[in-house]
file target-v7.txt (compact mmCIF, C-alpha atoms)
# COMPACT_ATOMS: atom_id res chain seq x y z
CA MET H 53 102.40 96.05 123.04
CA SER H 54 105.99 95.03 122.36
CA THR H 55 109.01 97.03 121.36
CA ILE H 56 111.93 95.62 119.43
CA LYS H 57 114.66 97.39 121.39
CA GLY H 58 113.09 97.24 124.86
CA LYS H 59 111.62 93.76 124.54
CA LEU H 60 108.87 94.83 126.94
CA HIS H 61 105.14 94.50 127.02
CA PHE H 62 102.75 96.56 129.12
CA ALA H 63 99.53 94.92 130.28
CA ASN H 64 96.31 96.69 131.27
CA ASP H 65 96.16 96.69 135.08
CA GLY H 66 92.33 96.54 135.12
CA ARG H 67 92.05 100.11 136.46
CA ASN H 68 92.44 101.98 133.16
CA LYS H 69 96.22 102.14 133.52
CA LEU H 70 99.16 100.20 132.20
CA ALA H 71 100.97 97.89 134.57
CA GLY H 72 104.77 98.00 134.78
CA GLY H 73 106.67 96.66 131.80
CA LYS H 74 107.59 92.97 131.75
CA LYS H 75 110.23 91.32 129.63
CA ASN H 76 108.77 88.81 127.21
CA GLY H 77 111.59 86.85 125.65
CA SER H 78 114.71 88.05 123.92
CA GLY H 79 116.08 88.25 120.40
CA TRP H 80 113.45 90.67 119.11
CA SER H 81 116.14 92.60 117.21
CA ALA H 82 116.05 89.77 114.62
CA TYR H 83 112.79 91.25 113.31
CA THR H 84 112.21 94.21 111.00
CA HIS H 85 108.60 94.60 112.16
CA VAL H 86 106.75 93.55 115.32
CA ILE H 87 103.00 94.09 115.05
CA GLY H 88 100.23 93.79 117.61
CA ALA H 89 97.70 92.21 115.28
CA GLY H 90 94.82 91.36 117.60
CA ASP H 91 93.35 87.87 117.88
CA LEU H 92 94.38 86.14 114.67
CA ASN H 93 93.60 82.55 115.65
CA SER H 94 90.18 83.15 117.28
CA ASP H 95 91.19 81.94 120.76
CA GLY H 96 90.20 85.20 122.47
CA PHE H 97 93.78 86.42 123.10
CA GLY H 98 95.79 89.02 121.19
CA ASP H 99 98.60 87.77 118.97
CA ILE H 100 101.79 89.31 117.60
CA LEU H 101 103.23 89.12 114.10
CA ALA H 102 106.97 89.45 113.56
CA ARG H 103 108.76 89.66 110.22
CA GLY H 104 112.33 88.43 110.21
CA LYS H 105 115.14 90.15 108.34
CA ASN H 106 115.06 87.20 105.92
CA GLY H 107 111.38 87.91 105.11
CA THR H 108 109.84 85.09 107.13
CA LEU H 109 106.59 86.07 108.84
CA TYR H 110 105.94 84.54 112.25
CA ARG H 111 102.94 84.57 114.60
CA TYR H 112 103.32 84.53 118.38
CA GLU H 113 100.02 83.55 119.98
CA GLY H 114 98.96 85.30 123.16
CA THR H 115 98.33 82.95 126.08
CA GLY H 116 96.00 85.15 128.13
CA LYS H 117 98.58 85.10 130.96
CA GLY H 118 100.72 88.01 129.78
CA THR H 119 103.07 85.74 127.86
CA LEU H 120 103.46 84.54 124.30
CA GLY H 121 103.45 81.00 122.99
CA PRO H 122 106.18 79.66 120.72
CA ARG H 123 106.50 81.25 117.33
CA VAL H 124 104.66 79.73 114.40
CA THR H 125 106.00 80.20 110.87
CA MET H 126 103.31 81.64 108.64
CA PHE H 127 105.14 82.47 105.39
CA ALA H 128 108.66 82.49 103.96
CA ASN H 129 109.73 85.42 101.77
CA TRP H 130 106.76 87.51 102.90
CA GLY H 131 106.45 91.20 102.27
CA ALA H 132 109.90 92.16 101.01
CA THR H 133 108.35 95.29 99.46
CA TYR H 134 106.31 96.25 102.55
CA ASN H 135 107.69 99.19 104.52
CA ALA H 136 104.77 99.47 106.94
CA ILE H 137 102.49 96.83 108.47
CA VAL H 138 99.72 97.37 111.02
CA GLY H 139 97.00 95.29 112.66
CA VAL H 140 93.67 97.07 112.21
CA GLY H 141 90.93 94.88 113.63
CA ASP H 142 88.07 93.56 111.52
CA LEU H 143 87.67 95.70 108.39
CA THR H 144 85.60 93.20 106.41
CA GLY H 145 82.90 92.34 108.97
CA ASP H 146 83.71 88.63 109.00
CA GLY H 147 84.71 88.54 112.68
CA LYS H 148 88.43 88.10 111.93
CA ASN H 149 91.16 90.70 112.42
CA ASP H 150 92.83 92.11 109.33
CA VAL H 151 96.29 93.50 108.60
CA ILE H 152 97.14 96.47 106.37
CA MET H 153 100.46 96.53 104.53
CA ARG H 154 102.00 99.37 102.50
CA ASP H 155 104.53 98.70 99.77
CA LYS H 156 107.34 100.98 98.62
CA ALA H 157 105.15 102.38 95.82
CA GLY H 158 102.58 103.61 98.38
CA ILE H 159 99.93 100.96 97.69
CA LEU H 160 97.94 99.72 100.68
CA TYR H 161 96.84 96.11 100.82
CA ARG H 162 94.52 94.32 103.23
CA SER H 163 94.93 90.72 104.25
CA ASN H 164 92.29 88.86 106.21
CA GLY H 165 93.46 86.82 109.19
CA ASN H 166 92.17 83.44 110.33
CA GLY H 167 95.34 82.10 111.92
CA SER H 168 96.93 82.60 108.51
CA PHE H 169 96.11 85.07 105.72
CA GLY H 170 94.04 84.94 102.61
CA ALA H 171 95.04 86.63 99.37
CA ARG H 172 95.78 90.31 99.72
CA ALA H 173 93.41 92.95 98.33
CA LYS H 174 94.40 96.44 97.19
CA VAL H 175 92.59 99.08 99.23
CA ALA H 176 94.33 102.39 98.37
CA THR H 177 97.16 104.02 96.43
CA GLY H 178 99.29 107.15 96.84
CA ARG H 179 100.25 106.53 100.46
CA GLN H 180 104.05 106.73 100.03
CA GLY H 181 104.21 110.22 101.57
CA TYR H 182 103.25 108.99 105.05
CA LYS H 183 105.99 107.98 107.50
CA GLY H 184 103.95 105.16 109.04
CA LEU H 185 100.58 103.54 109.49
CA PHE H 186 98.79 103.67 112.84

call {"tool": "encode", "arguments": {"input": "target-v7.txt", "output": "structure tokens"}}
result
Amino acid sequence: MSTIKGKLHFANDGRNKLAGGKKNGSGWSAYTHVIGAGDLNSDGFGDILARGKNGTLYRYEGTGKGTLGPRVTMFANWGATYNAIVGVGDLTGDGKNDVIMRDKAGILYRSNGNGSFGARAKVATGRQGYKGLF
């Protein structure tokens, strides 16, 4: 898990506890959203999505060593209307993790991950009253 302000991640210590926080890079305040999205590129390690203030969506691939690889640009001008984004695991049963996004009108969309994303699909409406997605 990463936080924008703290720039920390907390790894599982193997004994059902979290290990001490470790700094993983800097400059995370450049992003409006940082999302633990699960394994998006099918390498067996969890990945992170980050959306820049300019709307560019990036993927940071997990290395399996408690660090992140270099960022990979996924999309420019992505999700300007999204006010909440969350990684949710595999909703479609295809073995790939999915992401749920909510726009300002309260519509939820699902996008299927395979290192990138396919076309979004509407999954629900009327969700504007919720503060966040978890």

call {"tool": "residues_around", "arguments": {"input": "target-v7.txt", "residues": "Leu109 in chain H", "least_positions_apart": "6", "cutoff": "9 Å", "atoms": "all atoms listed in the file", "output": "PDB file with C-alpha atoms, in the frame of the given file"}}
result
ATOM      1  CA  LEU H 101     103.230  89.120 114.100  1.00  0.00           C
ATOM      2  CA  ALA H 102     106.970  89.450 113.560  1.00  0.00           C
ATOM      3  CA  ARG H 103     108.760  89.660 110.220  1.00  0.00           C
ATOM      4  CA  VAL H 124     104.660  79.730 114.400  1.00  0.00           C
ATOM      5  CA  THR H 125     106.000  80.200 110.870  1.00  0.00           C
ATOM      6  CA  MET H 126     103.310  81.640 108.640  1.00  0.00           C
ATOM      7  CA  PHE H 127     105.140  82.470 105.390  1.00  0.00           C
ATOM      8  CA  ALA H 128     108.660  82.490 103.960  1.00  0.00           C
ATOM      9  CA  ASN H 129     109.730  85.420 101.770  1.00  0.00           C
ATOM     10  CA  TRP H 130     106.760  87.510 102.900  1.00  0.00           C
ATOM     11  CA  GLY H 131     106.450  91.200 102.270  1.00  0.00           C
TER      12      GLY H 131
END

call {"tool": "closest_residue", "arguments": {"input": "target-v7.txt", "among": "H:Ala132, H:Met153, H:Leu143, H:Leu185", "to": "Thr108 in chain H", "atoms": "only C-alpha atoms"}}
result
H:Ala132

call {"tool": "residues_near_point", "arguments": {"input": "target-v7.txt", "point": "(94.6, 93.3, 111.3)", "cutoff": "9 Å", "atoms": "all atoms listed in the file", "output": "CSV table (one decimal) with C-alpha atoms, in the coordinates of the input"}}
result
chain,number,residue,atom,x,y,z
H,88,GLY,CA,100.2,93.8,117.6
H,89,ALA,CA,97.7,92.2,115.3
H,90,GLY,CA,94.8,91.4,117.6
H,91,ASP,CA,93.4,87.9,117.9
H,92,LEU,CA,94.4,86.1,114.7
H,138,VAL,CA,99.7,97.4,111.0
H,139,GLY,CA,97.0,95.3,112.7
H,140,VAL,CA,93.7,97.1,112.2
H,141,GLY,CA,90.9,94.9,113.6
H,142,ASP,CA,88.1,93.6,111.5
H,143,LEU,CA,87.7,95.7,108.4
H,148,LYS,CA,88.4,88.1,111.9
H,149,ASN,CA,91.2,90.7,112.4
H,150,ASP,CA,92.8,92.1,109.3
H,151,VAL,CA,96.3,93.5,108.6
H,152,ILE,CA,97.1,96.5,106.4
H,162,ARG,CA,94.5,94.3,103.2
H,163,SER,CA,94.9,90.7,104.2
H,164,ASN,CA,92.3,88.9,106.2
H,165,GLY,CA,93.5,86.8,109.2

call {"tool": "closest_residue", "arguments": {"input": "target-v7.txt", "among": "H:Asn68, H:Leu160, H:Tyr182, H:Asp146", "to": "Ser94 in chain H", "atoms": "all atoms listed in the file"}}
result
H:Asp146

call {"tool": "atom_distance", "arguments": {"input": "target-v7.txt", "atom1": "CA of Arg179 in chain H", "atom2": "CA of Asn93 in chain H"}}
result
29.2 Å

call {"tool": "atom_distance", "arguments": {"input": "target-v7.txt", "atom1": "CA of Gly184 in chain H", "atom2": "CA of Tyr83 in chain H"}}
result
17.0 Å

call {"tool": "atom_distance", "arguments": {"input": "target-v7.txt", "atom1": "CA of Arg111 in chain H", "atom2": "CA of Arg123 in chain H"}}
result
5.6 Å
